[in-house]
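Notes follow once the structure below has been shown.
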Amino acid sequence: MRLINCGKIMRLLSLPLLVGFLGLLFACKGGQSPAEKVYVPPGKLDSYYAFLSGGHSGQIGVFGLPSGRLIKMIPVFAPDVAIGWGIDEGSKEIMGGYIWGDAHHPALSETNGDYDGRWLFINDTANGRIARIDLKDFVTKEIITLPNVGGNHASPFVTPNTEYLVGATRFSIPVPNRDVPIETYKENFNGVIAFVSVDKDTGHMENAFQILMPPFDYDLADAGKRVSYGWAFFSCYNSEEAYKDLEVEASQKDRDFIAAVNWKAAEEAIKEGKYKEINGVKVIDPQEVKGIVYFLPTPKSPHGSDVTPDGKYIVGGGKLAAVVTVHGFEKMQEAIKKGDFDGEVMGIPILKYESVRVAEVPVGLGPLHTQFDDQGYAYTSLFVDSAIAKWKLGTWEVVDKIPVYYNIGHLAAVHGDTVKPRGKFVLALNKIAKGRYLPVGPSHPESAQLIDISGKKMEMLLDFPTPVEPHYGQIIDATLIKPELVYPLDQNKDPYAIKSADQARVERNGNRVDVYMIAIRSHFTPNILKFEEGDNVYFHITNLEQDVDITHGFGINFSNVDMQIEPGETKTVKWVAEKPGIYPFYCTNFCSALHQEMQGYIEVASKNSK
Ligand code: RUQ
Ligand code: CUA
């Protein structure tokens, strides 16, 4: 009896229990709260790296997603006194004499149109440069200057196999730069579109070629992909060629342009010698060489120029409009073949708007940038509306909108500008945070917001502050990046490296003194040093550690010298023995229980004491 009863009860209970259990399972999966979706428990790692530009701080922020945790600031165009970027000799040389830059667009290297995790590039809008960061150690390895480019904003935006990085003029200047009256802007100023080649093995950058352009303001770019491989598309405003009150004068026309550049054809022209050299770079003049550039009319002072993952469409964000304009690559090819032109500027044919445009998508006010997901949707940031619009490629209908706080500039989806977007999240990079964080005085931080895009409706998950100023960011699957955790000492090829304490020494040559020093827990060798007033001292310090995260610092009191030396690394820093006296130096990076003891003394003797 008891058994039967039990069985009955079990049967009676089992169905609702099962239903309840399954229901709970589904509810947990589908109905995760925003907090659960972004929570990364202690000891667990994030799934994505987000590289966010640091704007006029000249740095790049590395964040983990979905948590929004700031992991590292990579110094690029500006000094970082903590690690000695811009202080030690190697990084000073890379920085090329500048101490600031305006970093806007991080661009991960690509293979077959998708991020490959090898390098990260970023432009400097201020001083016309591009930097390369090696993702093996997250260190800036090289900065190249793009001659003839005035304000390199539409950059670096890699081609699908990182054949090239692009660059372009935002502020037209005379090319070559010279003293002419500003009032002769139309006659004497030019824009330039630049291609910088990247060595497949080393990542080394070279100025490959440039194209002379009318004096418009070139704004953003994207490389063609798949069907449009071999092309690149640059938006521009100020086709009015104004140079004074741009906020009025550069918005007169209903349409400006996206410049479509056939870089494969440009390569041919260069091979055939159809260029002139200006400031050491091969420059193609479209008045002399045809078939390289075409203008696609695009309303209205377009900002973003974004190519869809299949490469079939070019999306122009019409900053002052309420629509994004979608151009068809195939339509463009046909129009070029048929000669469907509406005049030309500086030898560059203007294609008929109706012949290239596929759709105008009514996304909302102030469309800037567009990214893509894995389901055939596009996401456009709306600066004026402070919102993101989601719309469908092909049907061109807007299907959802979400407000952001406030005034979004760029946005970044996971692999969102590649041929293989991953969906999942879009990150809103907002210009103005107004009251989203504890107040810290008049200047508020910028703000990023993580939005779940995996469902039909977008869902706001998380706010986090970002350092000045996230223009663009890129988000990559974390499994694609495998950094080195120590520099193997046996591979250290630095000419000033020493591999053991008995090689430590001081060498004098006139008033140049070279100190070969080692740092290892918790000691510098040598640590008692005597110089003469006026000596130029070069400290070559090798960190002999091979354990993860045992970094030593080297800071000299009463000076501007400080740097960080990673395990297995050698760095050189110069210090001038300006005044007689005693100068303590010490390890500035907490490394061990006896970190406080890791120190030494320099004695500088006065010249007349001998
Ligand atoms: S920009 S907010 Cu410097 Cu890339 Cu568009
Ligand atoms: Cu070495 Cu602290």
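Order determines the names: the first chain of the structure tokens is A, the second B, and so forth; residues in each chain are numbered 1 upward, and ligands are numbered 1 upward as they are shown.
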Given a cut-off of 6 Å, what residues near ligand 1 show up using only C-alpha atoms and all ligand atoms, put as a list of chain:residue names? A:His104, A:Gly409, A:His410, A:His471, A:Tyr472
Given a cut-off of 8 Å, what residues near ligand 2 show up using only C-alpha atoms and all ligand atoms, put as a list in words? Ala519, Ile520, Arg521, Ser522, His523, Ile550, Thr551, His552, Gly553, Tyr586, Cys587, Thr588, Asn589, Phe590, Cys591, Ser592, Leu594, His595, Gln596 and Met598 of chain A
Considering only C-alpha atoms, return as a list in words whatever protein or nucleic-acid residues lie within 6 Å of stretch 579-584 of chain A, sequence-local ones (same chain, fewer than 3 positions apart) excluded. Glu533, Asn557, Gly600, Tyr601, Ile602, Glu603, Val604, Ala605 and Ser606 of chain A
For the residues in the current selection, export N, CA, C and O atoms as a PDB file, in the first residue's frame.
```
ATOM      1  N   GLU A 533      79.737  65.904 -12.599  1.00  0.00           N
ATOM      2  CA  GLU A 533      78.844  66.958 -13.049  1.00  0.00           C
ATOM      3  C   GLU A 533      78.957  67.086 -14.578  1.00  0.00           C
ATOM      4  O   GLU A 533      80.069  67.156 -15.119  1.00  0.00           O
ATOM      5  N   ASN A 557      65.287  60.101  -8.132  1.00  0.00           N
ATOM      6  CA  ASN A 557      64.780  61.270  -7.393  1.00  0.00           C
ATOM      7  C   ASN A 557      65.268  62.572  -8.025  1.00  0.00           C
ATOM      8  O   ASN A 557      66.337  62.631  -8.614  1.00  0.00           O
ATOM      9  N   GLY A 600      69.059  52.398  -4.738  1.00  0.00           N
ATOM     10  CA  GLY A 600      70.484  52.642  -4.893  1.00  0.00           C
ATOM     11  C   GLY A 600      70.766  54.131  -4.776  1.00  0.00           C
ATOM     12  O   GLY A 600      69.844  54.939  -4.596  1.00  0.00           O
ATOM     13  N   TYR A 601      72.056  54.471  -4.837  1.00  0.00           N
ATOM     14  CA  TYR A 601      72.448  55.880  -4.727  1.00  0.00           C
ATOM     15  C   TYR A 601      73.369  56.277  -5.867  1.00  0.00           C
ATOM     16  O   TYR A 601      74.227  55.506  -6.290  1.00  0.00           O
ATOM     17  N   ILE A 602      73.167  57.518  -6.344  1.00  0.00           N
ATOM     18  CA  ILE A 602      74.082  58.113  -7.303  1.00  0.00           C
ATOM     19  C   ILE A 602      74.761  59.286  -6.605  1.00  0.00           C
ATOM     20  O   ILE A 602      74.083  60.090  -5.949  1.00  0.00           O
ATOM     21  N   GLU A 603      76.066  59.353  -6.776  1.00  0.00           N
ATOM     22  CA  GLU A 603      76.804  60.511  -6.243  1.00  0.00           C
ATOM     23  C   GLU A 603      77.333  61.286  -7.442  1.00  0.00           C
ATOM     24  O   GLU A 603      77.983  60.728  -8.319  1.00  0.00           O
ATOM     25  N   VAL A 604      77.027  62.570  -7.488  1.00  0.00           N
ATOM     26  CA  VAL A 604      77.560  63.416  -8.561  1.00  0.00           C
ATOM     27  C   VAL A 604      78.578  64.373  -7.956  1.00  0.00           C
ATOM     28  O   VAL A 604      78.243  65.198  -7.097  1.00  0.00           O
ATOM     29  N   ALA A 605      79.834  64.227  -8.397  1.00  0.00           N
ATOM     30  CA  ALA A 605      80.907  65.081  -7.876  1.00  0.00           C
ATOM     31  C   ALA A 605      80.966  66.372  -8.682  1.00  0.00           C
ATOM     32  O   ALA A 605      80.759  66.367  -9.896  1.00  0.00           O
ATOM     33  N   SER A 606      81.258  67.471  -8.008  1.00  0.00           N
ATOM     34  CA  SER A 606      81.349  68.738  -8.730  1.00  0.00           C
ATOM     35  C   SER A 606      82.632  68.754  -9.543  1.00  0.00           C
ATOM     36  O   SER A 606      83.615  68.086  -9.213  1.00  0.00           O
TER      37      SER A 606
END
```
Hey, what's within 7 Å of stretch 496-511 of chain A if we count only C-alpha atoms and toss same-chain stuff fewer than 4 positions away? As a list in words, please? Val515, Tyr516, Met517, Ile518, Thr525, Pro526, Asp535, Asn536, His540, Thr542, Leu544 and Thr570 of chain A
Those residues with all heavy atoms, as a compact mmCIF listing (two decimals), in the first residue's frame please?
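Just written: again_10.txt:
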```txt
# COMPACT_ATOMS: atom_id res chain seq x y z
N VAL A 515 75.71 52.72 -18.29
CA VAL A 515 75.57 51.84 -17.14
C VAL A 515 74.79 50.61 -17.57
O VAL A 515 73.64 50.72 -18.02
CB VAL A 515 74.83 52.55 -15.99
CG1 VAL A 515 74.68 51.61 -14.79
CG2 VAL A 515 75.55 53.83 -15.58
N TYR A 516 75.44 49.45 -17.50
CA TYR A 516 74.76 48.18 -17.80
C TYR A 516 74.31 47.60 -16.48
O TYR A 516 75.12 47.17 -15.67
CB TYR A 516 75.72 47.23 -18.52
CG TYR A 516 76.13 47.73 -19.88
CD1 TYR A 516 77.14 48.69 -20.01
CD2 TYR A 516 75.52 47.26 -21.03
CE1 TYR A 516 77.52 49.17 -21.26
CE2 TYR A 516 75.89 47.73 -22.28
CZ TYR A 516 76.89 48.68 -22.39
OH TYR A 516 77.25 49.16 -23.62
N MET A 517 72.99 47.64 -16.28
CA MET A 517 72.45 47.32 -14.95
C MET A 517 71.46 46.17 -15.06
O MET A 517 70.81 46.02 -16.10
CB MET A 517 71.75 48.57 -14.40
CG MET A 517 71.23 48.46 -12.99
SD MET A 517 70.33 49.97 -12.53
CE MET A 517 71.64 51.02 -11.93
N ILE A 518 71.37 45.38 -14.00
CA ILE A 518 70.29 44.40 -13.96
C ILE A 518 69.36 44.68 -12.78
O ILE A 518 69.77 45.23 -11.76
CB ILE A 518 70.77 42.94 -13.89
CG1 ILE A 518 71.66 42.72 -12.68
CG2 ILE A 518 71.48 42.52 -15.16
CD1 ILE A 518 71.75 41.28 -12.30
N THR A 525 71.89 45.89 -9.76
CA THR A 525 73.34 45.78 -9.80
C THR A 525 73.85 46.50 -11.04
O THR A 525 73.36 46.17 -12.12
CB THR A 525 73.79 44.30 -9.91
OG1 THR A 525 73.09 43.53 -8.94
CG2 THR A 525 75.29 44.16 -9.73
N PRO A 526 74.74 47.49 -10.92
CA PRO A 526 75.26 48.08 -9.69
C PRO A 526 74.22 48.99 -9.04
O PRO A 526 73.31 49.45 -9.69
CB PRO A 526 76.45 48.90 -10.20
CG PRO A 526 76.09 49.25 -11.62
CD PRO A 526 75.27 48.12 -12.14
N ASP A 535 77.95 64.83 -16.79
CA ASP A 535 77.93 63.54 -17.48
C ASP A 535 76.56 63.27 -18.10
O ASP A 535 75.53 63.56 -17.49
CB ASP A 535 78.24 62.40 -16.49
CG ASP A 535 79.72 62.26 -16.21
OD1 ASP A 535 80.53 62.90 -16.93
OD2 ASP A 535 80.08 61.54 -15.25
N ASN A 536 76.60 62.69 -19.31
CA ASN A 536 75.36 62.16 -19.90
C ASN A 536 75.34 60.66 -19.63
O ASN A 536 76.14 59.92 -20.18
CB ASN A 536 75.34 62.40 -21.41
CG ASN A 536 75.19 63.87 -21.72
OD1 ASN A 536 74.34 64.55 -21.14
ND2 ASN A 536 76.01 64.38 -22.63
N HIS A 540 71.17 51.32 -19.05
CA HIS A 540 70.62 50.20 -19.82
C HIS A 540 70.24 49.13 -18.81
O HIS A 540 71.13 48.49 -18.23
CB HIS A 540 71.66 49.64 -20.78
CG HIS A 540 72.37 50.70 -21.57
ND1 HIS A 540 71.75 51.45 -22.54
CD2 HIS A 540 73.67 51.15 -21.52
CE1 HIS A 540 72.63 52.30 -23.07
NE2 HIS A 540 73.79 52.15 -22.46
N THR A 542 68.34 45.70 -17.64
CA THR A 542 67.69 44.44 -18.04
C THR A 542 67.01 43.85 -16.82
O THR A 542 67.63 43.71 -15.76
CB THR A 542 68.73 43.44 -18.58
OG1 THR A 542 69.42 44.06 -19.68
CG2 THR A 542 68.06 42.17 -19.07
N LEU A 544 65.94 40.69 -15.26
CA LEU A 544 66.29 39.27 -15.43
C LEU A 544 65.16 38.31 -15.07
O LEU A 544 65.28 37.11 -15.27
CB LEU A 544 67.51 38.91 -14.58
CG LEU A 544 68.87 39.45 -15.02
CD1 LEU A 544 69.98 38.81 -14.17
CD2 LEU A 544 69.13 39.16 -16.49
N THR A 570 64.99 44.74 -21.85
CA THR A 570 66.02 45.75 -21.60
C THR A 570 65.51 47.09 -22.08
O THR A 570 64.93 47.19 -23.16
CB THR A 570 67.31 45.40 -22.38
OG1 THR A 570 67.74 44.10 -22.00
CG2 THR A 570 68.41 46.42 -22.09
```
